[in-house]
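Colleague: First, the structure itself, so that you have it in front of you.
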Amino acid sequence: MNRKFLPRIIALQPWGVIIPLMLLVCFGAAVLYSAAGGNLMPWALLHVVRFAVFLVMAMVIASFSREFVRMMALPVYIILLLMLMAVEAMGFVGGGSQRWLNLGFMTLQPSELMKPAIVIILARFYDMLPPAATREFSSLIVPGVLIGLPVGLVLLQPDLGTSLAIVFGAAVVMFLAGLPMIWFVGVGVAGLAAIPLAFFFALHDYQQRRVLTFLDPESDPLGAGYHITQSKIAIGSGGLFGKGFGNGSQSHLNYLPEPHTDFVFATMAEEWGMIGGLFVLFVFGLLLRWGLKVATSTNDRFGQLMAAGLTATIFFYAAINLMMVMGLAPVVGIPLPFMSHGGSSMLTIMICVGVIMAVQRWNRREPGSFA
């Protein structure tokens, strides 16, 4: 691409990954169009418009200076923590959970925004901490509080999937910051030992049913196992090339629950087959490769931890959703980035993309950012 005649903020963007993402969003819009019975509303058109708006937002984030991002890490974390508290006090209830704030012009899920926020605040903390100090047990106290507060509030909503995503992103940052491996092994062993107690005393009834359904979905095919069973039928029936655009019987006849959000991949696979699925995986592979390349090519500890942690957050979204719709993980309500209908999830992913773009620009040492 000839960048000579382009505005500077446009020319500096990583179009090698943005253009494939545009294609994926358009593909997702086509799936949503089909899921709506051949209508642009209420999902497909909004999906494209949201991406366009959030892409501009990501480009603006990419122009932020390192000092500005460092300075805003704690204030943004505190604001989101207060918003999570507000959800408990006056949040909007939907689907049996209290997760959203009605802001008038949009309905926002603050827990989604906490996923990149926890990565950024932990990257800021470990950037301030001398590398040798990360091997001291005291280096766990502040991160433990920073992670525990939002996770506790999210679990009250209840939203197990989002709380796991927050913990996953945080754990990646802590691991890359240099915490001893034995600590992670110890936490893993303790977590395995606590699974029976968590199952019986910490999980809600519907969450217990999801776990049991994951282990044996055929035990209740018309009840708790209905989602996974219909999703696997839709994916399997697509074959190699799919049934054709607009010919997905599982979604069109309402056999497949949530065909436009959590199970959009199953909707796609029925109509576009394995070829469509491989295209989706290929684009996500490009995105993750780009994020890891940015993380490994910087000598800045703050930027490295952020880029790697945010790339891991995107990976968690995609991996858990794909495993969920194929029956390889319990249903936890995590959408598929760039394809599922949903404003908060797309906003979160584009914030991750924008910050990684900013780190890439820091690597080039380009002057002229604003703070």
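In the structure tokens, each chain is lettered A, B, ... as it comes, each chain's residues begin at 1, and ligands are numbered from 1 in order of appearance.
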Identify, with DSSP run on backbone atoms, the residues in range 62-246 of chain A assigned to alpha helix (DSSP H), and express the list as a VMD selection string.
Modeller: chain A and resid 62 66 to 90 110 to 128 141 to 155 160 to 177 181 to 197 205 to 215 226 to 238
Colleague: Considering only C-alpha atoms, can you say which of A:Cys26, A:Ile195, A:Met72, A:Val31 comes closest to Gly244 in chain A?
Modeller: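 Closest residue, counting only C-alpha atoms: A:Val31.
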Colleague: Could I get the residues of range 268-355 of chain A with an atom no further than 9 Å from an atom of range 55-59 of chain A, each paired with its nearest atom pair and that distance in Å to one decimal, using only C-alpha atoms, sorted by chain and residue number, as JSON lines?
Modeller:
```
{"residue": "A:Met350", "atom": "CA", "partner": "A:Ala58", "partner_atom": "CA", "distance": 5.9}
{"residue": "A:Ile351", "atom": "CA", "partner": "A:Ala58", "partner_atom": "CA", "distance": 6.0}
{"residue": "A:Cys352", "atom": "CA", "partner": "A:Ala58", "partner_atom": "CA", "distance": 8.3}
{"residue": "A:Val353", "atom": "CA", "partner": "A:Ala58", "partner_atom": "CA", "distance": 6.6}
{"residue": "A:Gly354", "atom": "CA", "partner": "A:Ala58", "partner_atom": "CA", "distance": 4.0}
{"residue": "A:Val355", "atom": "CA", "partner": "A:Ala58", "partner_atom": "CA", "distance": 7.4}
```
Colleague: I need the residue nearest Arg135 in chain A from this list: A:Trp183, A:Phe265, A:Tyr77, A:Phe282. Use only C-alpha atoms for the distance.
Modeller: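 Smallest distance to Arg135 in chain A is found for A:Trp183.
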Colleague: With distances taken over only C-alpha atoms, which residue among A:Pro131, A:Gly169, A:Gly238, A:Gly291 lies nearest Val119 in chain A?
Modeller: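 Counting only C-alpha atoms, the residue closest to Val119 in chain A is A:Gly169.
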